[in-house]
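Report on the structure given below.
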Amino acid sequence: MPWHQGVAGAEWPARHHAMLSHHVGNPLGDVRPVWELNRLQFLPHVAVRDPERAIALLQDWLDHNPYRIGPAWMSAMEVALRWIPIHRTVGILQDKIPRELELQLTGLAKASGRYLMGHPSTHSSAGNHLILEGLGMVCIALSLEPIPKEMLQAGRRILHDQALRQLRPDGTGIEGSLWYLGFVVDAYQHWMQLDADHIDPEVLARVASAHQFLSEVVTHGGVYPDLGDRDDGYAFRDAGDYGESSFPALLDVGARLFDRPEWRRDSPGARRRSAWWFADPDPLSVPEELHDEVSQHHFEDGGLTAVRWGRARLLLNGGPLGMPSTFGHGHAAALSLTLTWRETPLLVDPGTGAYGMDAAVRDHFRSTPAHNTVTLGGFDQAKMLGTFLWDSDWTTQVHLESDGVRAVCDAYQGRLGASHLRRLSWKTQAIWQVEDRFPGASGVDAEGWWHLGEGCLTVQPTDTGVICDFGHLTLEAVLPAEAAVTVHHGGTGPMRGWLAPRYGQWIPGFAIRVAGRVDSQTSWLTEWSITER
């Protein structure tokens with residue numbers, strides 16, 4: 001098995017992990033694909049179908065990945081993640097495992113547990129990494145006899161403390177990433193399966209709130225606003241389809257764990273995951289509710305406002321950049337807006353691209369122009385200092401009104417003395433207006449960006465704006481008359497008009513740029529209307 005083969009066939013060397021670098025600019029490229037393979041998440045599936053093959057793969061991995069040698073040992077989280085599928089695989093194989101392999105796995109478990117206890121993620125990595133490391137300690141401890149109580153208690157303590165730190169009371173995640181919130185929910189579902197009697201009710205309440213938040217912002221079919229970073233990682237991947245949304249499966253399992261049938265989903269992924277969790281998968285589906293009138297749900301702790309009316313779902317991002325103090329997985333997307341009609345993403349956050357393959361790609365997808373918001377003075381809303389490092393955060397104020405949502409962000413106050421005020425309002429479920437104002441601005445160059453979903457076929461100019469053709473529907477925009485409008489599709493130097501549908505991939509997509517000079521009296525009014533065919 002090519003355990004160490006990376007991008008374009010590059011082979012990561014079998015050296016002590018401390019001698020290897022995964023940072024941007026290393027000679028071997030992005031280590032993330034190597035880590036994905038070494039997570040062994042395919043192993044339980046193989047064990048069910050072909051026990052001998054699963055045993056051979058386990059032995060082969062052990063032979064090629066000695067303790068602390070090679071890229072599989074570069075991250076404590078990767079050490080932890082392996083133990084979820086190994087634990088499952090051993091449970092499936094049971095007495096089929098040869099005695100020699102059992103002894104090797106026992107030694108690996110003890111060594112991995114000591115490693116995790118001695119190398120917890122701290123500072124900028126004390127986000128989802130630390131939670132998964134805590135889960136790894138619990139998983140390893142419960143795999144050993146006698147149970148190492150110190151390791152078990154350390155894992156439980158991390159999971160308890162980080163739930164209260166990283167999951168806000170309203171269910172939003174401190175890292176500012178929807179995908180990593182799902183990753184964390186995945187981890188806590190595993191803890192509930194392994195160790196439910198030792199989870200504090202306050203932790204369970206936070207995890208339940210995270211499920212409720214996801215249920216509000218994810219469509220029944222799994223379309224989600226791609227806030228912040230995304231690397232397509234799971235605590236346990238039940239299939240190899242990286243294009244499938246993880247959220248219906250997470251919500252369906254959560255619905256049964258918390259007895260909340262309104263979260264139920266019916267999708268191939270939901271059925272597969274439930275089959276791993278429960279003896280009776282029970283493919284019950286609760287139809288998605290269509291709101292006859294406008295429904296606003298403001299998640300105050302996270303600053304996010306979800307608006308639903310009929311077939312339309314919108315999310316206004318009035319939240320902070322991400323987890324202090326480095327804001328590593330956050331994107332400069334203050335006051336960005338996403339819009340979905342039924343299961344069709346119309347206005348989207350374009351994604352992440354990759355972490356370690358290309359610095360220009362990394363910087364583009366987390367920049368302000370890569371989101372449905374406004375830049376002032378040619379600046380991002382915060383300054384990038386490194387691959388996972390920003391210089392500062394911003395503050396926003398969000399106000400719900402009877403016919404709209406108004407939010408103000410101060411990201412540009414320090415550099416330009418200006419704020420960005422955005423007001424979202426509605427006429428019908430298919431007609432939405434966005435007004436942008438710039439208090440304090442004085443002759444500042446501004447760019448408004450609108451990124452269209454992957455299903456957009458063409459963007460054609462009109463006398464008042466553009467018409468975006470999605471095949472089964474059109475999305476028409478009346479744009480500010482005083483601004484210049486350009487359409488971008490796969491542009492380079494700089495990157496403009498790109499989408500990242502999954503980690504490590506970016507494809508041309510349509511982006512609309514609205515540009516002009518603004519002052520404190522300027523009002524840019526944009527009206528979006530949807531017409532089904």
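By convention here, the chains of the structure tokens are called A, B, ... in the order presented, each chain's residues are numbered starting at 1, and ligands are numbered starting at 1 in the order presented.
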
>> I'd like the neighbourhood of Ser325 of chain A as a PyMOL selection string, where a residue qualifies if any of its atoms comes within 10 Å (using only C-alpha atoms), though same-chain residues fewer than 2 positions away should be ignored.
In response: chain A and resi 123-124+322-323+327-328+389-393

>> Need to verify the contact set: Leu181 of chain A, 12 Å, only C-alpha atoms, exclusion of same-chain residues closer than 3 positions in sequence. Can you return it as a VMD selection string?
In response: chain A and resid 127 to 129 131 163 166 to 168 171 to 178 184 to 188 206 to 207 209 to 211 213 to 214 226 to 235 246 to 247 250 322 329

> Could you pull the residues within 12 Å of Val485 of chain A, counting only C-alpha atoms, minus those fewer than 2 positions along the same chain, as JSON, numbers by chain?
Replying inline: {"A": [447, 448, 449, 450, 459, 460, 461, 462, 463, 464, 465, 466, 477, 478, 479, 480, 481, 482, 483, 487, 488, 511, 512, 513, 514, 515, 516]}

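For the pair atom CA of Met495 of chain A and atom CA of Arg362 of chain A, the interatomic distance is 10.8 Å.
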
> Residues at most 8 Å from Leu346 of chain A, counting only C-alpha atoms, excluding those fewer than 2 positions away in the same chain, as a PyMOL selection string?
Replying inline: chain A and resi 338-341+344+348+452-453+455-456+475

>> Give me the residues near Leu57 of chain A as a list in words, where near means some atom within 10 Å (using only C-alpha atoms) and where sequence neighbours in that chain fewer than 3 positions away do not count.
In response: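 Selected residues are Met1, Leu40, Leu43, Val46, Ala47, Pro51, Glu52, Arg53, Ala54, Asp60, Trp61, Leu62 and Asp63 of chain A.
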
> Of the residues A:Cys139, A:Ile530, A:Leu304, A:Ala56, which is the one nearest to Ile431 of chain A, using only C-alpha atoms?
Replying inline: A:Ile530

> Just how far from atom CA of His371 of chain A is atom CA of Arg406 of chain A, in Å to one decimal?
Replying inline: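 Value for the atom CA of Arg406 of chain A-atom CA of His371 of chain A distance: 18.3 Å.
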
List every residue of segment 311-332 of chain A that has an atom at most 12 Å from any atom of segment 410-417 of chain A, and for each one report the closest atom pair and its distance in Å to one decimal, counting only C-alpha atoms, with rows sorted by chain and then by increasing residue number, as JSON lines.
{"residue": "A:Gly318", "atom": "CA", "partner": "A:Asp410", "partner_atom": "CA", "distance": 11.1}
{"residue": "A:Gly319", "atom": "CA", "partner": "A:Ala411", "partner_atom": "CA", "distance": 11.7}
{"residue": "A:Pro320", "atom": "CA", "partner": "A:Ala411", "partner_atom": "CA", "distance": 10.1}
{"residue": "A:Leu321", "atom": "CA", "partner": "A:Ala411", "partner_atom": "CA", "distance": 10.1}
{"residue": "A:Ala332", "atom": "CA", "partner": "A:Ala411", "partner_atom": "CA", "distance": 9.5}

Please produce a file of those selected residues containing C-alpha atoms, as a PDB file, in the first residue's frame.
ATOM      1  CA  GLY A 318     -22.368  38.772  11.111  1.00  0.00           C
ATOM      2  CA  GLY A 319     -19.960  36.669  13.136  1.00  0.00           C
ATOM      3  CA  PRO A 320     -16.328  37.120  14.155  1.00  0.00           C
ATOM      4  CA  LEU A 321     -13.348  35.929  12.110  1.00  0.00           C
ATOM      5  CA  ALA A 332     -12.451  37.291   5.866  1.00  0.00           C
TER       6      ALA A 332
END

> At what distance in Å, to one decimal, does atom CA of Val79 of chain A lie from atom CA of Gly353 of chain A?
Replying inline: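 Separation of atom CA of Gly353 of chain A and atom CA of Val79 of chain A: 24.5 Å.
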
>> I need the residue nearest His399 of chain A from this list: A:Gln104, A:Gln193, A:Gln296, A:Ser520. Use only C-alpha atoms for the distance.
In response: A:Gln296

>> For a quick check of understanding, using only C-alpha atoms, which of A:Leu130, A:Val361, A:Val444, A:Leu424 has the smallest distance to Glu527 of chain A?
In response: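 Result for the nearest residue to Glu527 of chain A: A:Leu424.
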